[in-house]
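Data block for structure_26.cif (mmCIF, C-alpha atoms (C1' of nucleotides)):
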```cif
data_model
loop_
_atom_site.label_atom_id
_atom_site.label_comp_id
_atom_site.auth_asym_id
_atom_site.auth_seq_id
_atom_site.Cartn_x
_atom_site.Cartn_y
_atom_site.Cartn_z
CA MET T 1 98.97 194.10 -12.60
CA SER T 2 98.55 192.48 -15.94
CA ALA T 3 95.24 190.88 -15.11
CA ARG T 4 95.04 189.45 -18.58
CA PRO T 5 97.79 190.00 -21.06
CA TYR T 6 96.65 191.09 -24.46
CA HIS T 7 97.99 187.92 -25.92
CA HIS T 8 96.64 184.76 -24.48
CA GLY T 9 99.80 182.85 -25.16
CA ASN T 10 98.44 179.52 -26.28
CA LEU T 11 94.89 180.24 -27.29
CA ARG T 12 94.83 177.55 -29.93
CA SER T 13 95.63 174.80 -27.46
CA ALA T 14 93.23 176.20 -24.90
CA LEU T 15 90.41 176.28 -27.45
CA ILE T 16 91.04 172.74 -28.59
CA GLU T 17 91.24 171.50 -25.05
CA GLN T 18 87.97 173.10 -24.01
CA ALA T 19 86.36 172.03 -27.27
CA GLU T 20 87.29 168.42 -26.63
CA ARG T 21 85.60 168.63 -23.27
CA THR T 22 82.46 170.18 -24.72
CA VAL T 23 82.23 167.64 -27.51
CA ARG T 24 82.63 164.81 -25.03
CA GLU T 25 80.07 166.13 -22.59
CA ARG T 26 77.48 167.75 -24.82
CA GLY T 27 78.21 166.64 -28.38
CA ALA T 28 79.61 168.42 -31.39
CA HIS T 29 76.37 170.23 -32.13
CA ALA T 30 76.70 172.06 -28.84
CA LEU T 31 80.08 173.46 -29.75
CA SER T 32 79.99 177.26 -30.05
CA LEU T 33 82.99 179.30 -31.08
CA ARG T 34 81.74 182.23 -29.08
CA GLU T 35 81.23 180.17 -25.96
CA LEU T 36 84.74 178.78 -26.30
CA ALA T 37 86.05 182.31 -26.62
CA ARG T 38 84.20 183.36 -23.49
CA ASP T 39 85.51 180.39 -21.53
CA ALA T 40 89.04 181.25 -22.64
CA GLY T 41 88.53 184.86 -21.52
CA VAL T 42 89.01 186.20 -24.98
CA SER T 43 86.91 188.15 -27.44
CA HIS T 44 84.48 186.47 -29.79
CA GLY T 45 86.65 187.27 -32.79
CA ALA T 46 89.85 185.82 -31.46
CA PRO T 47 89.32 182.17 -32.35
CA ARG T 48 89.17 183.18 -35.98
CA ARG T 49 92.95 183.75 -35.99
CA HIS T 50 93.43 180.06 -35.33
CA PHE T 51 90.40 178.53 -37.03
CA PRO T 52 89.02 180.31 -40.09
CA ASP T 53 85.63 178.76 -39.48
CA ARG T 54 83.87 176.27 -37.30
CA GLN T 55 84.68 173.36 -39.55
CA ALA T 56 88.38 174.08 -39.25
CA LEU T 57 88.11 173.64 -35.50
CA LEU T 58 86.23 170.38 -35.95
CA ASP T 59 88.93 169.17 -38.31
CA ALA T 60 91.59 170.04 -35.78
CA LEU T 61 89.67 168.11 -33.15
CA ALA T 62 89.44 165.13 -35.46
CA GLU T 63 93.13 165.27 -36.14
CA ALA T 64 93.97 165.40 -32.46
CA GLY T 65 91.53 162.57 -31.95
CA PHE T 66 93.33 160.33 -34.41
CA ALA T 67 96.62 161.09 -32.74
CA ARG T 68 95.24 160.15 -29.37
CA LEU T 69 93.48 157.07 -30.68
CA GLY T 70 96.68 155.87 -32.30
CA ALA T 71 98.59 156.41 -29.08
CA GLU T 72 96.04 154.53 -27.01
CA LEU T 73 95.95 151.63 -29.43
CA ARG T 74 99.71 151.44 -29.52
CA SER T 75 99.89 151.58 -25.78
CA ALA T 76 97.36 148.75 -25.55
CA VAL T 77 99.33 146.56 -27.92
CA GLU T 78 102.59 147.17 -26.17
CA GLY T 79 101.17 146.53 -22.74
CA ALA T 80 99.75 143.13 -23.66
CA GLY T 81 102.81 140.97 -24.08
CA GLU T 82 103.99 139.40 -27.28
CA ALA T 83 101.27 136.92 -28.23
CA PHE T 84 98.64 137.77 -30.81
CA GLU T 85 95.44 136.94 -29.02
CA PRO T 86 95.97 138.92 -25.83
CA ARG T 87 97.22 141.79 -27.94
CA LEU T 88 94.08 141.65 -30.03
CA GLN T 89 91.89 141.55 -26.95
CA ALA T 90 93.65 144.52 -25.43
CA THR T 91 93.56 146.54 -28.62
CA ALA T 92 89.90 145.88 -29.27
CA ALA T 93 89.06 146.81 -25.72
CA ALA T 94 91.07 150.01 -26.08
CA TYR T 95 89.26 150.90 -29.28
CA VAL T 96 85.85 150.35 -27.75
CA ARG T 97 86.89 152.32 -24.73
CA PHE T 98 87.89 155.24 -26.90
CA ALA T 99 84.80 154.95 -29.05
CA THR T 100 82.44 154.99 -26.09
CA ARG T 101 84.26 157.57 -24.04
CA ASP T 102 84.54 159.93 -27.01
CA ALA T 103 81.64 158.85 -29.15
CA ALA T 104 80.93 162.28 -30.57
CA LEU T 105 84.59 162.83 -31.32
CA LEU T 106 84.87 159.55 -33.18
CA GLU T 107 81.87 160.59 -35.20
CA LEU T 108 83.68 163.78 -36.13
CA MET T 109 86.75 161.80 -37.05
CA PHE T 110 84.79 159.54 -39.37
CA ALA T 111 82.76 162.38 -40.83
CA GLY T 112 85.81 164.46 -41.59
CA LYS T 113 87.64 161.57 -43.16
CA HIS T 114 85.56 161.34 -46.31
CA ARG T 115 85.42 165.06 -46.96
CA GLU T 116 87.57 166.09 -49.88
CA GLU T 117 89.22 169.10 -48.29
CA ALA T 118 90.40 167.11 -45.33
CA GLY T 119 94.04 167.14 -46.27
CA THR T 120 96.19 165.85 -43.45
CA LEU T 121 93.28 164.09 -41.82
CA HIS T 122 93.69 161.03 -43.99
CA GLU T 123 97.31 160.69 -43.02
CA SER T 124 96.51 161.05 -39.35
CA ALA T 125 93.87 158.37 -39.68
CA GLU T 126 96.23 156.04 -41.46
CA ARG T 127 98.87 156.49 -38.81
CA ALA T 128 96.34 155.55 -36.15
CA PHE T 129 95.13 152.51 -38.03
CA ALA T 130 98.65 151.35 -38.83
CA VAL T 131 98.70 149.82 -35.37
CA LEU T 132 95.79 147.61 -36.30
CA LEU T 133 97.33 146.55 -39.58
CA GLU T 134 100.53 145.49 -37.88
CA LEU T 135 98.50 143.46 -35.46
CA ILE T 136 96.66 141.73 -38.28
CA GLU T 137 99.97 140.89 -39.90
CA GLN T 138 101.16 139.32 -36.71
CA GLY T 139 98.00 137.26 -36.56
CA GLN T 140 98.61 136.09 -40.08
CA ALA T 141 102.21 135.22 -39.29
CA GLU T 142 101.05 133.13 -36.35
CA GLY T 143 98.50 131.36 -38.50
CA ALA T 144 95.53 132.63 -36.53
CA LEU T 145 94.19 134.62 -39.48
CA GLU T 146 93.82 133.80 -43.13
CA ARG T 147 96.37 135.14 -45.59
CA GLY T 148 95.83 138.06 -47.94
CA GLU T 149 95.89 141.82 -47.70
CA PRO T 150 95.76 142.78 -44.03
CA GLU T 151 93.29 145.54 -44.85
CA ARG T 152 90.81 143.06 -46.23
CA VAL T 153 91.37 140.36 -43.63
CA GLY T 154 90.97 142.79 -40.78
CA MET T 155 87.96 144.55 -42.21
CA VAL T 156 85.30 142.27 -40.79
CA LEU T 157 86.98 142.27 -37.41
CA PHE T 158 87.29 146.02 -37.36
CA ALA T 159 83.70 146.40 -38.44
CA THR T 160 82.61 144.21 -35.57
CA ILE T 161 84.54 146.19 -33.00
CA GLN T 162 83.29 149.45 -34.42
CA GLY T 163 79.77 148.06 -34.43
CA ILE T 164 79.98 147.03 -30.80
CA ALA T 165 81.01 150.55 -29.94
CA ALA T 166 78.01 151.83 -31.89
CA LEU T 167 75.68 149.54 -29.98
CA VAL T 168 77.07 150.80 -26.69
CA THR T 169 76.76 154.46 -27.55
CA GLY T 170 73.33 153.72 -28.99
CA GLY T 171 72.26 152.33 -25.65
CA MET T 172 71.55 148.85 -26.99
CA VAL T 173 74.26 147.32 -24.84
CA GLN T 174 74.98 148.12 -21.20
CA ALA T 175 78.44 149.26 -20.26
CA GLU T 176 79.00 146.19 -18.08
CA GLN T 177 78.38 143.86 -20.99
CA VAL T 178 80.97 145.47 -23.21
CA ASP T 179 84.02 143.48 -22.17
CA GLY T 180 82.17 140.22 -22.46
CA LEU T 181 80.77 141.14 -25.82
CA VAL T 182 84.18 142.10 -27.16
CA ALA T 183 85.69 138.85 -25.92
CA ASP T 184 82.79 136.98 -27.48
CA ALA T 185 83.22 138.72 -30.78
CA ILE T 186 86.93 138.07 -30.96
CA ALA T 187 86.57 134.42 -30.01
CA HIS T 188 83.85 134.07 -32.60
CA PHE T 189 85.96 135.75 -35.22
CA LEU T 190 89.02 133.64 -34.53
CA ARG T 191 86.97 130.44 -34.67
CA GLY T 192 85.65 131.52 -38.05
CA SER T 193 89.15 132.32 -39.23
CA ARG T 194 90.69 129.03 -38.20
CA ALA T 195 87.89 127.09 -39.83
CA ALA T 196 88.68 128.89 -43.07
CA ALA T 197 92.38 128.17 -42.94
CA MET H 1 41.81 182.23 -56.85
CA SER H 2 42.90 180.58 -53.68
CA ALA H 3 46.59 181.01 -54.43
CA ARG H 4 47.47 179.60 -51.06
CA PRO H 5 44.78 178.60 -48.64
CA TYR H 6 45.36 179.79 -45.13
CA HIS H 7 45.60 176.23 -43.96
CA HIS H 8 48.21 174.12 -45.61
CA GLY H 9 46.24 170.93 -45.17
CA ASN H 10 48.97 168.51 -44.27
CA LEU H 11 51.87 170.64 -43.17
CA ARG H 12 53.17 168.07 -40.76
CA SER H 13 53.64 165.45 -43.44
CA ALA H 14 55.10 167.97 -45.84
CA LEU H 15 57.64 169.10 -43.26
CA ILE H 16 58.69 165.59 -42.41
CA GLU H 17 59.01 164.66 -46.05
CA GLN H 18 61.18 167.63 -46.89
CA ALA H 19 63.17 167.17 -43.69
CA GLU H 20 63.96 163.58 -44.65
CA ARG H 21 65.31 164.79 -47.94
CA THR H 22 67.44 167.46 -46.33
CA VAL H 23 68.84 165.08 -43.74
CA ARG H 24 69.71 162.58 -46.43
CA GLU H 25 71.35 165.10 -48.74
CA ARG H 26 72.97 167.53 -46.33
CA GLY H 27 72.89 165.95 -42.89
CA ALA H 28 70.91 166.65 -39.76
CA HIS H 29 72.99 169.65 -38.82
CA ALA H 30 71.80 171.41 -41.98
CA LEU H 31 68.17 171.07 -41.00
CA SER H 32 66.57 174.45 -40.41
CA LEU H 33 62.99 174.86 -39.26
CA ARG H 34 62.75 178.17 -41.02
CA GLU H 35 64.05 176.80 -44.27
CA LEU H 36 61.56 173.97 -44.10
CA ALA H 37 58.81 176.49 -43.53
CA ARG H 38 59.90 178.49 -46.55
CA ASP H 39 60.02 175.42 -48.74
CA ALA H 40 56.54 174.51 -47.64
CA GLY H 41 55.35 178.03 -48.45
CA VAL H 42 54.41 178.75 -44.90
CA SER H 43 55.46 181.27 -42.27
CA HIS H 44 58.43 180.68 -40.01
CA GLY H 45 56.23 180.17 -36.99
CA ALA H 46 53.97 177.57 -38.49
CA PRO H 47 56.08 174.46 -37.84
CA ARG H 48 55.81 175.16 -34.16
CA ARG H 49 52.19 173.97 -34.19
CA HIS H 50 53.41 170.51 -35.14
CA PHE H 51 56.83 170.36 -33.52
CA PRO H 52 57.35 172.32 -30.31
CA ASP H 53 61.04 172.52 -30.99
CA ARG H 54 63.69 171.27 -33.32
CA GLN H 55 64.31 168.13 -31.32
CA ALA H 56 60.68 167.13 -31.64
CA LEU H 57 61.05 167.15 -35.40
CA LEU H 58 64.20 165.07 -35.18
CA ASP H 59 62.38 162.59 -32.97
CA ALA H 60 59.57 162.36 -35.49
CA LEU H 61 62.10 161.71 -38.22
CA ALA H 62 63.70 158.98 -36.15
CA GLU H 63 60.35 157.37 -35.53
CA ALA H 64 59.47 157.39 -39.20
CA GLY H 65 62.93 156.02 -39.89
CA PHE H 66 62.38 153.03 -37.63
CA ALA H 67 59.07 152.33 -39.30
CA ARG H 68 60.67 152.38 -42.72
CA LEU H 69 63.67 150.34 -41.60
CA GLY H 70 61.38 147.70 -40.14
CA ALA H 71 59.37 147.55 -43.34
CA GLU H 72 62.46 147.20 -45.50
CA LEU H 73 63.91 144.48 -43.31
CA ARG H 74 60.64 142.57 -43.30
CA SER H 75 60.35 142.91 -47.02
CA ALA H 76 63.89 141.58 -47.42
CA VAL H 77 63.18 138.55 -45.25
CA GLU H 78 59.95 137.73 -47.01
CA GLY H 79 61.46 138.08 -50.45
CA ALA H 80 64.28 135.64 -49.79
CA GLY H 81 62.55 132.30 -49.59
CA GLU H 82 62.27 130.12 -46.53
CA ALA H 83 65.82 129.09 -45.70
CA PHE H 84 67.84 130.83 -43.01
CA GLU H 85 71.04 131.69 -44.81
CA PRO H 86 69.61 133.46 -47.84
CA ARG H 87 67.22 135.28 -45.56
CA LEU H 88 70.12 136.40 -43.42
CA GLN H 89 72.06 137.55 -46.46
CA ALA H 90 69.11 139.50 -47.80
CA THR H 91 68.34 141.10 -44.46
CA ALA H 92 71.91 142.12 -43.79
CA ALA H 93 72.16 143.60 -47.25
CA ALA H 94 68.93 145.52 -46.69
CA TYR H 95 70.19 146.87 -43.40
CA VAL H 96 73.44 148.06 -44.89
CA ARG H 97 71.56 149.57 -47.80
CA PHE H 98 69.38 151.54 -45.42
CA ALA H 99 72.32 152.50 -43.24
CA THR H 100 74.33 153.85 -46.14
CA ARG H 101 71.50 155.49 -48.02
CA ASP H 102 70.25 157.22 -44.87
CA ALA H 103 73.36 157.40 -42.78
CA ALA H 104 72.48 160.66 -41.09
CA LEU H 105 68.98 159.44 -40.37
CA LEU H 106 70.25 156.25 -38.77
CA GLU H 107 72.50 158.37 -36.62
CA LEU H 108 69.46 160.33 -35.50
CA MET H 109 67.62 157.11 -34.76
CA PHE H 110 70.43 155.80 -32.59
CA ALA H 111 70.98 159.13 -30.89
CA GLY H 112 67.33 159.55 -30.06
CA LYS H 113 67.03 156.04 -28.72
CA HIS H 114 69.04 156.54 -25.57
CA ARG H 115 67.49 159.85 -24.63
CA GLU H 116 65.16 159.57 -21.67
CA GLU H 117 62.30 161.62 -23.06
CA ALA H 118 62.10 159.53 -26.20
CA GLY H 119 58.84 157.85 -25.31
CA THR H 120 57.49 155.93 -28.24
CA LEU H 121 60.86 155.79 -29.97
CA HIS H 122 61.92 152.72 -28.04
CA GLU H 123 58.82 150.85 -29.11
CA SER H 124 59.33 151.82 -32.74
CA ALA H 125 62.89 150.61 -32.54
CA GLU H 126 61.88 147.33 -30.99
CA ARG H 127 59.28 146.73 -33.66
CA ALA H 128 61.91 147.26 -36.33
CA PHE H 129 64.40 144.97 -34.66
CA ALA H 130 61.82 142.28 -34.02
CA VAL H 131 62.41 141.15 -37.58
CA LEU H 132 66.01 140.44 -36.75
CA LEU H 133 65.19 138.55 -33.59
CA GLU H 134 62.79 136.28 -35.43
CA LEU H 135 65.47 135.59 -37.95
CA ILE H 136 67.95 134.66 -35.24
CA GLU H 137 65.41 132.30 -33.75
CA GLN H 138 65.01 130.61 -37.09
CA GLY H 139 68.77 130.23 -37.34
CA GLN H 140 68.82 128.63 -33.91
CA ALA H 141 66.02 126.29 -34.84
CA GLU H 142 67.94 125.19 -37.90
CA GLY H 143 71.06 124.63 -35.84
CA ALA H 144 73.08 127.26 -37.65
CA LEU H 145 73.42 129.40 -34.54
CA GLU H 146 74.19 128.57 -30.96
CA ARG H 147 71.34 128.41 -28.44
CA GLY H 148 70.52 131.05 -25.88
CA GLU H 149 68.76 134.38 -25.84
CA PRO H 150 68.38 135.57 -29.42
CA GLU H 151 69.33 139.07 -28.37
CA ARG H 152 72.69 137.90 -27.13
CA VAL H 153 73.38 135.45 -29.92
CA GLY H 154 72.57 138.01 -32.59
CA MET H 155 74.47 140.85 -30.97
CA VAL H 156 77.86 140.13 -32.50
CA LEU H 157 76.31 139.63 -35.90
CA PHE H 158 74.31 142.82 -35.67
CA ALA H 159 77.37 144.70 -34.51
CA THR H 160 79.28 143.47 -37.52
CA ILE H 161 76.61 144.54 -39.96
CA GLN H 162 76.27 147.90 -38.28
CA GLY H 163 80.03 148.26 -38.30
CA ILE H 164 80.24 147.54 -42.01
CA ALA H 165 77.72 150.27 -42.61
CA ALA H 166 79.84 152.62 -40.53
CA LEU H 167 82.92 151.79 -42.57
CA VAL H 168 81.05 152.52 -45.76
CA THR H 169 79.67 155.86 -44.62
CA GLY H 170 83.10 156.64 -43.18
CA GLY H 171 84.61 156.15 -46.60
CA MET H 172 86.85 153.28 -45.53
CA VAL H 173 85.09 150.86 -47.84
CA GLN H 174 84.02 151.50 -51.41
CA ALA H 175 80.39 151.02 -52.33
CA GLU H 176 81.25 148.21 -54.73
CA GLN H 177 82.94 146.20 -52.00
CA VAL H 178 79.93 146.27 -49.72
CA ASP H 179 78.10 143.21 -50.95
CA GLY H 180 81.24 141.12 -50.88
CA LEU H 181 82.12 142.33 -47.44
CA VAL H 182 78.69 141.53 -46.09
CA ALA H 183 78.81 138.05 -47.59
CA ASP H 184 82.28 137.60 -46.13
CA ALA H 185 81.16 138.69 -42.71
CA ILE H 186 78.15 136.41 -42.66
CA ALA H 187 80.12 133.43 -43.87
CA HIS H 188 82.74 134.15 -41.26
CA PHE H 189 80.14 134.48 -38.54
CA LEU H 190 78.37 131.26 -39.45
CA ARG H 191 81.65 129.36 -39.50
CA GLY H 192 82.41 130.66 -36.05
CA SER H 193 78.93 129.69 -34.85
CA ARG H 194 79.03 126.15 -36.15
CA ALA H 195 82.45 125.61 -34.65
CA ALA H 196 80.98 126.59 -31.29
CA ALA H 197 78.01 124.25 -31.55
"C1'" DA B 1 117.85 201.31 -29.25
"C1'" DC B 2 114.62 202.04 -33.04
"C1'" DT B 3 111.61 200.86 -36.57
"C1'" DA B 4 108.89 197.91 -39.43
"C1'" DC B 5 106.15 194.24 -39.62
"C1'" DA B 6 103.67 190.12 -38.80
"C1'" DA B 7 101.00 187.72 -35.45
"C1'" DT B 8 97.41 187.95 -32.33
"C1'" DG B 9 93.35 190.01 -30.28
"C1'" DA B 10 89.42 193.41 -29.92
"C1'" DT B 11 85.28 195.57 -31.69
"C1'" DG B 12 81.44 196.25 -34.54
"C1'" DT B 13 78.22 194.59 -37.78
"C1'" DC B 14 75.11 191.44 -40.54
"C1'" DA B 15 72.12 187.72 -41.74
"C1'" DA B 16 70.27 183.42 -40.14
"C1'" DT B 17 68.30 180.76 -36.66
"C1'" DG B 18 65.36 178.72 -32.69
"C1'" DA B 19 62.29 180.00 -29.34
"C1'" DC B 20 58.55 182.48 -27.75
"C1'" DA B 21 54.23 185.66 -27.40
"C1'" DA B 22 50.26 187.81 -29.35
"C1'" DC B 23 47.18 188.12 -32.89
"C1'" DT B 24 44.31 186.15 -37.03
"C1'" DT B 25 41.89 182.96 -39.90
"C1'" DC B 26 39.53 178.91 -40.68
"C1'" DG B 27 36.45 175.00 -40.02
"C1'" DA B 28 33.89 171.87 -37.15
"C1'" DT B 29 30.23 171.48 -33.82
"C1'" DC B 30 26.35 172.68 -31.22
"C1'" DG W 1 24.86 181.34 -37.15
"C1'" DA W 2 27.74 181.86 -32.77
"C1'" DT W 3 31.56 179.53 -30.47
"C1'" DC W 4 35.73 177.60 -29.91
"C1'" DG W 5 39.85 175.20 -30.80
"C1'" DA W 6 43.20 174.08 -34.33
"C1'" DA W 7 46.42 175.89 -37.63
"C1'" DG W 8 48.96 179.85 -39.41
"C1'" DT W 9 50.94 184.67 -39.18
"C1'" DT W 10 53.58 188.42 -37.49
"C1'" DG W 11 56.81 190.45 -34.53
"C1'" DT W 12 60.53 190.12 -31.34
"C1'" DC W 13 64.77 188.51 -28.78
"C1'" DA W 14 69.12 186.32 -27.77
"C1'" DT W 15 72.62 183.53 -29.85
"C1'" DT W 16 75.56 182.35 -33.37
"C1'" DG W 17 79.05 182.17 -37.40
"C1'" DA W 18 81.17 184.99 -40.56
"C1'" DC W 19 83.35 188.97 -41.90
"C1'" DA W 20 85.77 193.71 -41.96
"C1'" DT W 21 88.37 196.96 -39.53
"C1'" DC W 22 91.12 198.52 -35.90
"C1'" DA W 23 94.46 197.91 -31.73
"C1'" DT W 24 98.27 195.81 -29.37
"C1'" DT W 25 102.35 193.25 -28.93
"C1'" DG W 26 106.44 190.62 -29.78
"C1'" DT W 27 110.28 190.22 -32.90
"C1'" DA W 28 113.57 190.69 -36.76
"C1'" DG W 29 116.62 193.68 -39.01
"C1'" DT W 30 119.26 197.55 -38.93
#
```

Take the structure in the file and give it back as structure tokens.
Amino acid sequence: MSARPYHHGNLRSALIEQAERTVRERGAHALSLRELARDAGVSHGAPRRHFPDRQALLDALAEAGFARLGAELRSAVEGAGEAFEPRLQATAAAYVRFATRDAALLELMFAGKHREEAGTLHESAERAFAVLLELIEQGQAEGALERGEPERVGMVLFATIQGIAALVTGGMVQAEQVDGLVADAIAHFLRGSRAAA
Amino acid sequence: MSARPYHHGNLRSALIEQAERTVRERGAHALSLRELARDAGVSHGAPRRHFPDRQALLDALAEAGFARLGAELRSAVEGAGEAFEPRLQATAAAYVRFATRDAALLELMFAGKHREEAGTLHESAERAFAVLLELIEQGQAEGALERGEPERVGMVLFATIQGIAALVTGGMVQAEQVDGLVADAIAHFLRGSRAAA
DNA sequence: ACTACAATGATGTCAATGACAACTTCGATC
DNA sequence: GATCGAAGTTGTCATTGACATCATTGTAGT
């Protein structure tokens, strides 16, 4: 009759999982270590074994977020054939989808990134964004984008996509308009790029 | 010897002023009503007369933020001559300047905007953004931008500017690169627009 | 099997905080 | 000058994050 074993077994995962849900549904400010502990059926001190303080949990969430973002972007690229433009469309749409579905999480990810202590976070972020850089390189190879460092060439495009996501989460754009707006932005960007080449 | 008069005199303003500083320097999450009260030399219950709860203070900050943003944008437009392109450059730069200097505040402003209760916030936001819409209309009149609703035509541009600000506050772009990036983005956008016309 | 030991959780405590209620002081108005 | 509402004070409560100390359990080494 071991109603609840003394050891949870995978408390860390359970905490992160529940925390992701809370952040998505009620924002990061609503995240309470004690509430997480209660939901996991564990004492209020237990989470401390896995996360020394609240910020450590947020960092872990950010890290997991980058991993998932990278996976979703990669999946979008790979599911969109070989040509540059459809790949770009699919990837941008995937990014906006992530950014709007997990707006608060993305905020965490960005906020954690420029904190000094955030050790492995930078690497996780770079791994996620590597997908985008590869895509830019393909665009350059196909002559759709100007030459130069991919990071610089893609910056304006990335800013635009990120900005669209911000407008959606800020309520300045309806959800139904998103796809059209993304398509618009990409078409606009590519026109501007070709004119420069 | 009125060391401290019973009535502060303008507690509301003092609280908002100090709160703006705190938000700018340490973020909105670090804002404590009790700390504000202490700094103002007033009891912990006093702020309640002016802000029923913490959110009310945040809303007031957002409102003041929109007023200031609108003023800075207008000032940028008016200080940049009559022609569309320099006006656009100046306005975009002013927006990014605001967004990076008061990143946490801008976040508050966006977050508050799509909350139902936020009564007058929407109006404040619209007043601030009216400057941008007028500018878009001028660009259309001069043939630099495609025709159609200014709100739609300007959306991609606004997203890009907002996105650049996000990249800066996210640490993905150095402060020195900002001006160049903004100029790049605008040039890119205008090329794309002319090609469409 | 037995014993350390390290990992994981439980319990208790503290200071800070937001929210609320009840009381007090001040100043404007009649 | 009495009244009354606005502004401030004091006291309290539940919640929270952080921390210290203790309890339990699985596991490695013998």

Can I get the residues of chain W within 8 Å of chain T, each with the closest pair of atoms and their distance in Å to one decimal, using only C-alpha atoms (C1' of nucleotides), sorted chain first then ascending number, as a tab-separated table?
```
residue	atom	partner	partner_atom	distance
W:DT16	C1'	T:Ser32	CA	7.5
W:DG17	C1'	T:Arg54	CA	7.6
W:DA18	C1'	T:Asp53	CA	7.7
W:DT24	C1'	T:Tyr6	CA	7.0
W:DT25	C1'	T:His7	CA	7.5
```

In Å, with one decimal, what is the gap from CA of Arg194 (chain T) to CA of Ala187 (chain H)?
12.8 Å

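Taking CA of Val178 (chain H) and CA of Arg97 (chain H) as the two end points, the separation is 9.2 Å.
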
Counting all atoms listed in the file, collect the residues of chain H whose closest atom lies at most 6 Å from chain T, and write them out as a count of residues only.
14

Separation of CA of Ala125 (chain H) from CA of Val23 (chain T) in Å:
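The value is 26.3 Å.
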
If you apply the PyMOL selection byres ((chain T and resi 134-139) around 12) to this file, what residues do you get, as a JSON list (two decimals) with C-alpha atoms, keeping the file's coordinate frame?
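New file selection-v5.json:
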```
[["chain", "number", "residue", "atom", "x", "y", "z"],
["T", 73, "LEU", "CA", 95.95, 151.63, -29.43],
["T", 74, "ARG", "CA", 99.71, 151.44, -29.52],
["T", 76, "ALA", "CA", 97.36, 148.75, -25.55],
["T", 77, "VAL", "CA", 99.33, 146.56, -27.92],
["T", 78, "GLU", "CA", 102.59, 147.17, -26.17],
["T", 80, "ALA", "CA", 99.75, 143.13, -23.66],
["T", 82, "GLU", "CA", 103.99, 139.40, -27.28],
["T", 83, "ALA", "CA", 101.27, 136.92, -28.23],
["T", 84, "PHE", "CA", 98.64, 137.77, -30.81],
["T", 85, "GLU", "CA", 95.44, 136.94, -29.02],
["T", 86, "PRO", "CA", 95.97, 138.92, -25.83],
["T", 87, "ARG", "CA", 97.22, 141.79, -27.94],
["T", 88, "LEU", "CA", 94.08, 141.65, -30.03],
["T", 89, "GLN", "CA", 91.89, 141.55, -26.95],
["T", 90, "ALA", "CA", 93.65, 144.52, -25.43],
["T", 91, "THR", "CA", 93.56, 146.54, -28.62],
["T", 92, "ALA", "CA", 89.90, 145.88, -29.27],
["T", 126, "GLU", "CA", 96.23, 156.04, -41.46],
["T", 127, "ARG", "CA", 98.87, 156.49, -38.81],
["T", 128, "ALA", "CA", 96.34, 155.55, -36.15],
["T", 129, "PHE", "CA", 95.13, 152.51, -38.03],
["T", 130, "ALA", "CA", 98.65, 151.35, -38.83],
["T", 131, "VAL", "CA", 98.70, 149.82, -35.37],
["T", 132, "LEU", "CA", 95.79, 147.61, -36.30],
["T", 133, "LEU", "CA", 97.33, 146.55, -39.58],
["T", 140, "GLN", "CA", 98.61, 136.09, -40.08],
["T", 141, "ALA", "CA", 102.21, 135.22, -39.29],
["T", 142, "GLU", "CA", 101.05, 133.13, -36.35],
["T", 143, "GLY", "CA", 98.50, 131.36, -38.50],
["T", 144, "ALA", "CA", 95.53, 132.63, -36.53],
["T", 145, "LEU", "CA", 94.19, 134.62, -39.48],
["T", 146, "GLU", "CA", 93.82, 133.80, -43.13],
["T", 147, "ARG", "CA", 96.37, 135.14, -45.59],
["T", 148, "GLY", "CA", 95.83, 138.06, -47.94],
["T", 149, "GLU", "CA", 95.89, 141.82, -47.70],
["T", 150, "PRO", "CA", 95.76, 142.78, -44.03],
["T", 151, "GLU", "CA", 93.29, 145.54, -44.85],
["T", 152, "ARG", "CA", 90.81, 143.06, -46.23],
["T", 153, "VAL", "CA", 91.37, 140.36, -43.63],
["T", 154, "GLY", "CA", 90.97, 142.79, -40.78],
["T", 155, "MET", "CA", 87.96, 144.55, -42.21],
["T", 156, "VAL", "CA", 85.30, 142.27, -40.79],
["T", 157, "LEU", "CA", 86.98, 142.27, -37.41],
["T", 158, "PHE", "CA", 87.29, 146.02, -37.36],
["T", 190, "LEU", "CA", 89.02, 133.64, -34.53],
["T", 193, "SER", "CA", 89.15, 132.32, -39.23],
["T", 194, "ARG", "CA", 90.69, 129.03, -38.20]]
```
